[in-house]
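input_33.cif follows (mmCIF, C-alpha atoms):
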```cif
data_target
#
loop_
_atom_site.group_PDB
_atom_site.id
_atom_site.type_symbol
_atom_site.label_atom_id
_atom_site.label_comp_id
_atom_site.auth_asym_id
_atom_site.auth_seq_id
_atom_site.Cartn_x
_atom_site.Cartn_y
_atom_site.Cartn_z
ATOM 1 C CA MET A 18 -4.007 67.165 24.457
ATOM 2 C CA ALA A 19 -1.436 64.393 24.527
ATOM 3 C CA PRO A 20 -1.717 61.820 21.825
ATOM 4 C CA SER A 21 -3.668 58.795 22.919
ATOM 5 C CA ASP A 22 -1.859 55.559 23.593
ATOM 6 C CA PRO A 23 -3.373 52.889 21.300
ATOM 7 C CA ALA A 24 -2.683 50.151 23.840
ATOM 8 C CA LEU A 25 -4.401 52.195 26.615
ATOM 9 C CA LEU A 26 -7.412 52.893 24.413
ATOM 10 C CA ALA A 27 -7.682 49.222 23.537
ATOM 11 C CA ALA A 28 -7.562 48.277 27.212
ATOM 12 C CA GLN A 29 -10.299 50.818 28.106
ATOM 13 C CA ALA A 30 -12.570 49.824 25.226
ATOM 14 C CA PRO A 31 -15.624 47.759 26.144
ATOM 15 C CA PRO A 32 -15.231 44.083 25.391
ATOM 16 C CA GLY A 33 -16.551 43.061 22.016
ATOM 17 C CA PRO A 34 -18.586 40.025 21.229
ATOM 18 C CA ALA A 35 -16.751 36.801 21.887
ATOM 19 C CA PHE A 36 -16.181 34.611 18.872
ATOM 20 C CA PRO A 37 -17.205 31.013 19.429
ATOM 21 C CA ALA A 38 -14.464 28.437 19.323
ATOM 22 C CA ALA A 39 -14.292 26.227 16.288
ATOM 23 C CA GLU A 40 -16.357 23.118 16.773
ATOM 24 C CA ALA A 41 -15.756 19.698 15.344
ATOM 25 C CA PRO A 42 -18.225 18.631 12.662
ATOM 26 C CA PRO A 43 -21.137 16.726 14.167
ATOM 27 C CA ASP A 44 -21.343 12.985 13.892
ATOM 28 C CA PRO A 45 -24.067 12.292 11.271
ATOM 29 C CA ILE A 46 -25.424 9.235 13.024
ATOM 30 C CA LEU A 47 -25.594 11.085 16.366
ATOM 31 C CA VAL A 48 -27.315 14.057 14.739
ATOM 32 C CA ALA A 49 -29.846 11.739 13.176
ATOM 33 C CA ALA A 50 -30.225 9.903 16.470
ATOM 34 C CA GLU A 51 -31.250 13.139 18.215
ATOM 35 C CA ALA A 52 -34.224 13.342 15.883
ATOM 36 C CA SER A 53 -34.816 9.583 16.042
ATOM 37 C CA PRO A 54 -33.551 8.036 19.300
ATOM 38 C CA ASP A 55 -34.172 4.540 17.940
ATOM 39 C CA LEU A 56 -31.507 4.884 15.230
ATOM 40 C CA LEU A 57 -28.563 4.052 17.478
ATOM 41 C CA ALA A 58 -30.498 1.145 18.939
ATOM 42 C CA VAL A 59 -31.190 -0.216 15.461
ATOM 43 C CA ALA A 60 -27.636 0.379 14.211
ATOM 44 C CA ASN A 61 -26.225 -1.513 17.213
ATOM 45 C CA ALA A 62 -28.961 -4.119 17.557
ATOM 46 C CA PRO A 63 -27.847 -7.580 18.742
ATOM 47 C CA VAL A 64 -29.015 -9.179 15.497
ATOM 48 C CA VAL A 65 -26.729 -6.867 13.502
ATOM 49 C CA TRP A 66 -23.828 -7.765 15.790
ATOM 50 C CA MET A 67 -24.626 -11.458 15.271
ATOM 51 C CA CYS A 68 -24.533 -10.936 11.502
ATOM 52 C CA ALA A 69 -21.164 -9.214 11.791
ATOM 53 C CA LEU A 70 -19.726 -12.024 13.895
ATOM 54 C CA GLY A 71 -21.189 -14.564 11.481
ATOM 55 C CA VAL A 72 -19.445 -12.912 8.542
ATOM 56 C CA PHE A 73 -16.086 -13.024 10.277
ATOM 57 C CA ALA A 74 -16.690 -16.616 11.367
ATOM 58 C CA VAL A 75 -17.170 -17.547 7.706
ATOM 59 C CA ILE A 76 -13.978 -15.685 6.780
ATOM 60 C CA PHE A 77 -11.958 -17.535 9.429
ATOM 61 C CA ALA A 78 -13.480 -20.852 8.337
ATOM 62 C CA GLN A 79 -12.562 -20.161 4.715
ATOM 63 C CA THR A 80 -9.022 -19.276 5.740
ATOM 64 C CA PHE A 81 -8.667 -22.540 7.654
ATOM 65 C CA VAL A 82 -10.026 -24.558 4.717
ATOM 66 C CA TYR A 83 -7.710 -22.866 2.211
ATOM 67 C CA VAL A 84 -4.622 -23.303 4.387
ATOM 68 C CA ARG A 85 -5.449 -26.946 4.976
ATOM 69 C CA ALA A 86 -6.049 -27.514 1.254
ATOM 70 C CA ALA A 87 -2.728 -25.853 0.426
ATOM 71 C CA ARG A 88 -0.881 -28.091 2.872
ATOM 72 C CA THR A 89 -2.511 -31.142 1.322
ATOM 73 C CA ALA A 90 -1.961 -30.174 -2.309
ATOM 74 C CA GLY A 91 1.498 -28.644 -1.862
ATOM 75 C CA PRO A 92 3.547 -31.867 -1.715
ATOM 76 C CA GLU A 93 1.642 -33.245 -4.703
ATOM 77 C CA ILE A 94 2.896 -30.410 -6.921
ATOM 78 C CA GLY A 95 6.411 -30.376 -5.518
ATOM 79 C CA MET A 96 6.061 -27.602 -2.918
ATOM 80 C CA SER A 97 7.848 -28.230 0.346
ATOM 81 C CA ARG A 98 6.735 -26.982 3.746
ATOM 82 C CA ALA A 99 9.342 -24.224 3.474
ATOM 83 C CA ASP A 100 7.838 -23.124 0.153
ATOM 84 C CA LEU A 101 4.378 -23.059 1.691
ATOM 85 C CA LYS A 102 5.575 -21.002 4.650
ATOM 86 C CA GLY A 103 7.215 -18.575 2.252
ATOM 87 C CA ALA A 104 3.958 -18.282 0.321
ATOM 88 C CA TYR A 105 2.061 -17.620 3.561
ATOM 89 C CA ARG A 106 4.507 -14.875 4.528
ATOM 90 C CA ALA A 107 4.342 -13.306 1.083
ATOM 91 C CA GLY A 108 0.553 -13.333 1.217
ATOM 92 C CA ALA A 109 0.534 -11.778 4.671
ATOM 93 C CA VAL A 110 2.883 -9.005 3.574
ATOM 94 C CA ALA A 111 0.891 -8.399 0.400
ATOM 95 C CA SER A 112 -2.255 -7.927 2.488
ATOM 96 C CA ILE A 113 -0.803 -4.965 4.403
ATOM 97 C CA GLY A 114 -1.821 -2.367 1.832
ATOM 98 C CA PRO A 115 -5.368 -3.617 1.235
ATOM 99 C CA SER A 116 -5.853 -4.037 4.991
ATOM 100 C CA LEU A 117 -4.878 -0.425 5.645
ATOM 101 C CA ALA A 118 -7.315 0.660 2.943
ATOM 102 C CA VAL A 119 -10.080 -1.385 4.575
ATOM 103 C CA VAL A 120 -9.376 0.232 7.952
ATOM 104 C CA LEU A 121 -9.624 3.706 6.433
ATOM 105 C CA VAL A 122 -12.871 2.731 4.721
ATOM 106 C CA ALA A 123 -14.269 1.455 8.015
ATOM 107 C CA VAL A 124 -13.391 4.672 9.833
ATOM 108 C CA ALA A 125 -15.045 6.715 7.080
ATOM 109 C CA LEU A 126 -18.281 4.719 7.261
ATOM 110 C CA LEU A 127 -18.593 4.347 11.047
ATOM 111 C CA ALA A 128 -20.323 7.702 11.429
ATOM 112 C CA LEU A 129 -22.986 6.759 8.900
ATOM 113 C CA PHE A 130 -23.795 3.128 9.607
ATOM 114 C CA GLY A 131 -22.549 2.230 13.084
ATOM 115 C CA THR A 132 -19.981 -0.381 14.062
ATOM 116 C CA PRO A 133 -21.648 -3.759 13.322
ATOM 117 C CA ALA A 134 -23.047 -2.727 9.940
ATOM 118 C CA VAL A 135 -19.639 -1.460 8.854
ATOM 119 C CA LEU A 136 -17.991 -4.685 10.014
ATOM 120 C CA VAL A 137 -20.484 -6.703 7.988
ATOM 121 C CA ARG A 138 -19.984 -4.675 4.833
ATOM 122 C CA ILE A 139 -16.218 -4.176 5.087
ATOM 123 C CA GLY A 140 -15.743 -7.850 5.911
ATOM 124 C CA LEU A 141 -17.214 -8.667 2.506
ATOM 125 C CA ILE A 142 -16.447 -5.804 0.114
ATOM 126 C CA GLY A 143 -14.178 -3.089 1.506
ATOM 127 C CA SER A 144 -15.009 -0.472 -1.132
ATOM 128 C CA ALA A 145 -16.102 2.857 0.331
ATOM 129 C CA GLY A 146 -17.156 4.152 -3.080
ATOM 130 C CA THR A 147 -19.408 1.192 -3.785
ATOM 131 C CA GLU A 148 -20.933 1.140 -0.314
ATOM 132 C CA THR A 149 -21.671 4.852 -0.066
ATOM 133 C CA ALA A 150 -22.965 4.979 -3.648
ATOM 134 C CA SER A 151 -25.414 2.142 -2.963
ATOM 135 C CA ALA A 152 -26.527 3.711 0.316
ATOM 136 C CA GLY A 153 -26.795 7.178 -1.229
ATOM 137 C CA ILE A 154 -29.003 5.949 -4.069
ATOM 138 C CA ALA A 155 -31.204 4.046 -1.623
ATOM 139 C CA THR A 156 -31.659 6.995 0.734
ATOM 140 C CA GLY A 157 -32.258 9.283 -2.240
ATOM 141 C CA THR A 158 -35.283 7.211 -3.249
ATOM 142 C CA ALA A 159 -36.729 8.026 0.170
ATOM 143 C CA GLY A 160 -36.036 11.733 -0.312
ATOM 144 C CA VAL A 161 -33.364 11.755 2.391
ATOM 145 C CA THR A 162 -29.691 12.674 2.301
ATOM 146 C CA LEU A 163 -27.312 10.051 3.648
ATOM 147 C CA GLY A 164 -26.669 11.021 7.276
ATOM 148 C CA GLY A 165 -28.837 14.145 6.987
ATOM 149 C CA PRO A 166 -32.236 15.143 8.365
ATOM 150 C CA GLY A 167 -34.753 12.345 8.130
ATOM 151 C CA TYR A 168 -32.093 9.643 8.336
ATOM 152 C CA ASP A 169 -34.179 7.480 10.656
ATOM 153 C CA PRO A 170 -34.129 3.720 11.359
ATOM 154 C CA SER A 171 -36.279 2.883 8.342
ATOM 155 C CA VAL A 172 -33.975 4.798 5.976
ATOM 156 C CA PHE A 173 -30.943 3.243 7.674
ATOM 157 C CA ALA A 174 -32.430 -0.214 7.070
ATOM 158 C CA LEU A 175 -33.114 0.706 3.446
ATOM 159 C CA ALA A 176 -29.499 1.800 2.944
ATOM 160 C CA PHE A 177 -28.183 -1.328 4.657
ATOM 161 C CA ILE A 178 -30.326 -3.596 2.468
ATOM 162 C CA ALA A 179 -29.134 -1.781 -0.665
ATOM 163 C CA MET A 180 -25.498 -2.253 0.344
ATOM 164 C CA SER A 181 -26.106 -5.917 1.113
ATOM 165 C CA LEU A 182 -27.785 -6.531 -2.248
ATOM 166 C CA SER A 183 -24.918 -4.774 -4.013
ATOM 167 C CA GLY A 184 -22.353 -6.975 -2.298
ATOM 168 C CA GLY A 185 -24.499 -10.051 -2.831
ATOM 169 C CA MET A 186 -24.509 -9.509 -6.585
ATOM 170 C CA TRP A 187 -20.708 -9.410 -6.553
ATOM 171 C CA MET A 188 -20.559 -12.772 -4.826
ATOM 172 C CA LEU A 189 -23.298 -14.230 -7.026
ATOM 173 C CA ALA A 190 -21.456 -13.149 -10.171
ATOM 174 C CA THR A 191 -18.278 -14.756 -8.835
ATOM 175 C CA LEU A 192 -20.144 -17.960 -8.033
ATOM 176 C CA LEU A 193 -21.703 -18.173 -11.494
ATOM 177 C CA LEU A 194 -18.836 -16.959 -13.657
ATOM 178 C CA THR A 195 -15.920 -18.749 -11.992
ATOM 179 C CA PRO A 196 -16.883 -22.222 -13.329
ATOM 180 C CA VAL A 197 -17.395 -20.731 -16.793
ATOM 181 C CA LEU A 198 -13.975 -19.105 -16.746
ATOM 182 C CA ASP A 199 -12.455 -22.309 -15.384
ATOM 183 C CA ARG A 200 -13.824 -24.333 -18.294
ATOM 184 C CA GLY A 201 -12.574 -21.717 -20.739
ATOM 185 C CA GLY A 202 -9.147 -21.788 -19.132
ATOM 186 C CA LYS A 203 -8.936 -25.552 -19.431
ATOM 187 C CA LYS A 204 -9.817 -25.389 -23.124
ATOM 188 C CA LEU A 205 -7.158 -22.755 -23.744
ATOM 189 C CA GLY A 206 -4.656 -24.778 -21.746
ATOM 190 C CA ALA A 207 -5.365 -27.816 -23.883
ATOM 191 C CA VAL A 208 -4.535 -25.809 -27.004
ATOM 192 C CA ASP A 209 -1.362 -24.220 -25.613
ATOM 193 C CA PRO A 210 -0.313 -24.674 -21.950
ATOM 194 C CA ALA A 211 1.803 -21.519 -22.087
ATOM 195 C CA ILE A 212 -1.310 -19.403 -22.638
ATOM 196 C CA MET A 213 -2.625 -20.052 -19.132
ATOM 197 C CA THR A 214 0.726 -18.983 -17.753
ATOM 198 C CA ILE A 215 0.727 -15.709 -19.656
ATOM 199 C CA ILE A 216 -2.934 -14.683 -19.384
ATOM 200 C CA PRO A 217 -3.251 -14.605 -15.551
ATOM 201 C CA ALA A 218 0.025 -12.712 -15.188
ATOM 202 C CA ALA A 219 -0.961 -10.258 -17.922
ATOM 203 C CA ALA A 220 -4.406 -9.745 -16.381
ATOM 204 C CA LEU A 221 -2.961 -8.973 -12.951
ATOM 205 C CA LEU A 222 -0.343 -6.666 -14.428
ATOM 206 C CA ALA A 223 -2.963 -4.820 -16.478
ATOM 207 C CA ALA A 224 -5.363 -4.469 -13.539
ATOM 208 C CA PHE A 225 -2.805 -3.050 -11.121
ATOM 209 C CA SER A 226 -1.210 -0.913 -13.816
ATOM 210 C CA MET A 227 -4.561 0.700 -14.559
ATOM 211 C CA LEU A 228 -5.074 1.413 -10.865
ATOM 212 C CA ALA A 229 -1.716 3.169 -10.781
ATOM 213 C CA VAL A 230 -2.189 5.010 -14.076
ATOM 214 C CA THR A 231 -5.553 6.444 -13.014
ATOM 215 C CA GLU A 232 -3.992 7.877 -9.838
ATOM 216 C CA MET A 233 -0.925 9.466 -11.400
ATOM 217 C CA PRO A 234 -2.587 12.420 -13.209
ATOM 218 C CA LYS A 235 -4.485 13.584 -10.106
ATOM 219 C CA SER A 236 -1.630 15.602 -8.620
ATOM 220 C CA GLY A 237 2.105 15.777 -8.230
ATOM 221 C CA VAL A 238 1.829 13.989 -4.898
ATOM 222 C CA HIS A 239 0.030 11.085 -6.551
ATOM 223 C CA LEU A 240 2.688 10.876 -9.238
ATOM 224 C CA LEU A 241 5.490 11.044 -6.674
ATOM 225 C CA THR A 242 3.859 8.325 -4.582
ATOM 226 C CA VAL A 243 3.463 5.928 -7.502
ATOM 227 C CA LEU A 244 6.992 6.487 -8.801
ATOM 228 C CA SER A 245 8.584 6.215 -5.362
ATOM 229 C CA SER A 246 6.768 2.981 -4.548
ATOM 230 C CA ALA A 247 7.797 1.551 -7.921
ATOM 231 C CA ALA A 248 11.408 2.564 -7.284
ATOM 232 C CA VAL A 249 11.435 0.963 -3.828
ATOM 233 C CA MET A 250 9.884 -2.217 -5.201
ATOM 234 C CA ALA A 251 12.397 -2.406 -8.046
ATOM 235 C CA GLY A 252 15.278 -1.739 -5.659
ATOM 236 C CA CYS A 253 14.158 -4.463 -3.265
ATOM 237 C CA LEU A 254 13.799 -6.995 -6.071
ATOM 238 C CA TYR A 255 17.233 -6.084 -7.438
ATOM 239 C CA LEU A 256 18.863 -6.455 -4.026
ATOM 240 C CA ALA A 257 17.014 -9.707 -3.411
ATOM 241 C CA SER A 258 18.382 -11.091 -6.670
ATOM 242 C CA ALA A 259 21.898 -9.731 -6.183
ATOM 243 C CA LEU A 260 22.203 -10.816 -2.555
ATOM 244 C CA LYS A 261 20.158 -13.993 -3.039
ATOM 245 C CA ALA A 262 17.986 -12.824 -0.155
ATOM 246 C CA ARG A 263 14.693 -14.599 -0.629
ATOM 247 C CA TRP A 264 13.163 -12.947 2.422
ATOM 248 C CA LEU A 265 13.653 -9.533 0.828
ATOM 249 C CA LYS A 266 11.624 -10.602 -2.188
ATOM 250 C CA GLU A 267 8.799 -11.644 0.133
ATOM 251 C CA TRP A 268 8.883 -8.335 2.015
ATOM 252 C CA ALA A 269 9.433 -6.105 -1.030
ATOM 253 C CA LEU A 270 5.768 -5.231 -1.439
ATOM 254 C CA GLY A 271 5.421 -4.344 2.233
ATOM 255 C CA PHE A 272 8.481 -2.089 2.099
ATOM 256 C CA ALA A 273 7.156 -0.400 -1.050
ATOM 257 C CA ILE A 274 3.762 0.245 0.564
ATOM 258 C CA ILE A 275 5.248 1.659 3.764
ATOM 259 C CA ALA A 276 7.681 3.861 1.832
ATOM 260 C CA ALA A 277 4.896 5.152 -0.413
ATOM 261 C CA LEU A 278 2.692 5.967 2.590
ATOM 262 C CA ALA A 279 5.529 7.830 4.294
ATOM 263 C CA ILE A 280 6.414 9.788 1.155
ATOM 264 C CA ALA A 281 2.773 10.672 0.487
ATOM 265 C CA TYR A 282 2.349 11.888 4.077
ATOM 266 C CA LEU A 283 5.497 14.005 3.957
ATOM 267 C CA ALA A 284 4.538 15.432 0.569
ATOM 268 C CA HIS A 285 1.069 16.399 1.827
ATOM 269 C CA THR A 286 2.374 18.029 4.993
ATOM 270 C CA ALA A 287 5.357 19.776 3.384
#
```
Could you express the structure from this file as structure tokens?
Amino acid sequence: MAPSDPALLAAQAPPGPAFPAAEAPPDPILVAAEASPDLLAVANAPVVWMCALGVFAVIFAQTFVYVRAARTAGPEIGMSRADLKGAYRAGAVASIGPSLAVVLVAVALLALFGTPAVLVRIGLIGSAGTETASAGIATGTAGVTLGGPGYDPSVFALAFIAMSLSGGMWMLATLLLTPVLDRGGKKLGAVDPAIMTIIPAAALLAAFSMLAVTEMPKSGVHLLTVLSSAAVMAGCLYLASALKARWLKEWALGFAIIAALAIAYLAHTA
């Protein structure tokens, strides 16, 4: 008997069971909505949309008030219109990184809380860790996993209230402690005016340094990202000083953020 051809045997063999194609993970809020059809209606209720629009209306109003106050106070402290415009540009560039982080947070939370609720929360806080921790604790008290079975409108409302109270305490603490810190700052300034120049700069430097230091030990990619962004920032500041290019100093942070994002992406995909 001639040896069998493996390809011919494979062609004559009966078809085996078909393997199902890989499916995308289900949307938690849609899964919960199948068990409770009212969940999507509650998550996208008109009153929630009105709250979201109200939050952003307050943000725009605050922005207008601050810009107007800066234009009024600027000439009194020797800042020209050109200086103010430069400060506006620097602030806009500096907001690129935090804004990207907020967008990523919003995308991560959309599946759990719906669009208007996420807009309300992200418009005020922007911390995915804080928001999900508050919601997770709240749903846990009801014996339900966040986005899991039993995540019905009542549990959604419970999680939303917990997140709102968490954010409210942040704003309340700011409202109460800011005048206290202001009085303390004035007393320190009366003793030595240079102190109030050093302390805010040192506090900002310490805060952002700690954020960077906590990320560096996580992996080589984290370390590479931090070092590369620092190198780009230092290079931009050096060139701005050497070339007397003021615009480069204003855009240095934006360039450092974009370079760090690109390097982190390439390092992850390499």
Report as a PyMOL selection string the full result of the PyMOL selection byres ((chain A and resi 71-79) around 12) when it is applied to this structure. chain A and resi 64-70+80-86+133-142
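Residues selected in this file by the PyMOL selection byres ((chain A and resi 221-231) around 12) comprise Thr214, Ile215, Ile216, Pro217, Ala218, Ala219, Ala220, Glu232, Met233, Pro234, Lys235, Ser236, His239, Leu240, Leu241, Thr242, Val243, Leu244, Ser246 and Ala247 of chain A.
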Using all atoms listed in the file, the shortest atom-to-atom distance to His285 (chain A) among A:Ala176, A:Leu270, A:Ala248, A:Val238 belongs to A:Val238
Residues within 10 Å of Thr158 (chain A), only C-alpha atoms, excluding chain neighbours under 4 positions, as a tab-separated table (two decimals) with C-alpha atoms, keeping the file's coordinate frame:
```
chain	number	residue	atom	x	y	z
A	153	GLY	CA	-26.80	7.18	-1.23
A	154	ILE	CA	-29.00	5.95	-4.07
A	162	THR	CA	-29.69	12.67	2.30
A	172	VAL	CA	-33.98	4.80	5.98
A	175	LEU	CA	-33.11	0.71	3.45
```
How far is it from CA of Met186 (chain A) to CA of Gly206 (chain A), in Å with one decimal? 29.3 Å
Using Å and a single decimal, report how far CA of Leu101 (chain A) sits from CA of Val249 (chain A). 25.6 Å
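Distance annotation: of A:Gly252, A:Pro210, A:Pro166, A:Gly184, the residue with the minimal separation from Lys266 (chain A) is A:Gly252; atom set is only C-alpha atoms.
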Which residues, protein or nucleic acid, reach to within 8 Å of (-34.4, 1.4, 11.6) in the file's coordinates when using all atoms listed in the file, and can you give that as JSON, numbers by chain? {"A": [55, 56, 59, 60, 169, 170, 171, 172, 173, 174]}
Take CA of Ala251 (chain A) and CA of Ala104 (chain A) and report the distance between them in Å, one decimal. 19.8 Å
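Using all atoms listed in the file for every distance, the candidate list A:Ser258, A:Ile274, A:Leu189, A:Glu267 yields A:Glu267 as the residue closest to Lys102 (chain A).
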In the coordinate frame of the file, compute which residues have an atom within 7 Å of (13.5, -6.0, -3.4) when using only C-alpha atoms, and state them as a PyMOL selection string. chain A and resi 250-257+265-266+269
Where is the centre and how long are the edges: axis-aligned box on region 145-160 of chain A, 4 Å on each side, Å to one decimal, as AutoDock Vina command-line options:
```
--center_x -26.4 --center_y 6.4 --center_z -1.7 --size_x 28.6 --size_y 18.6 --size_z 12.8
```
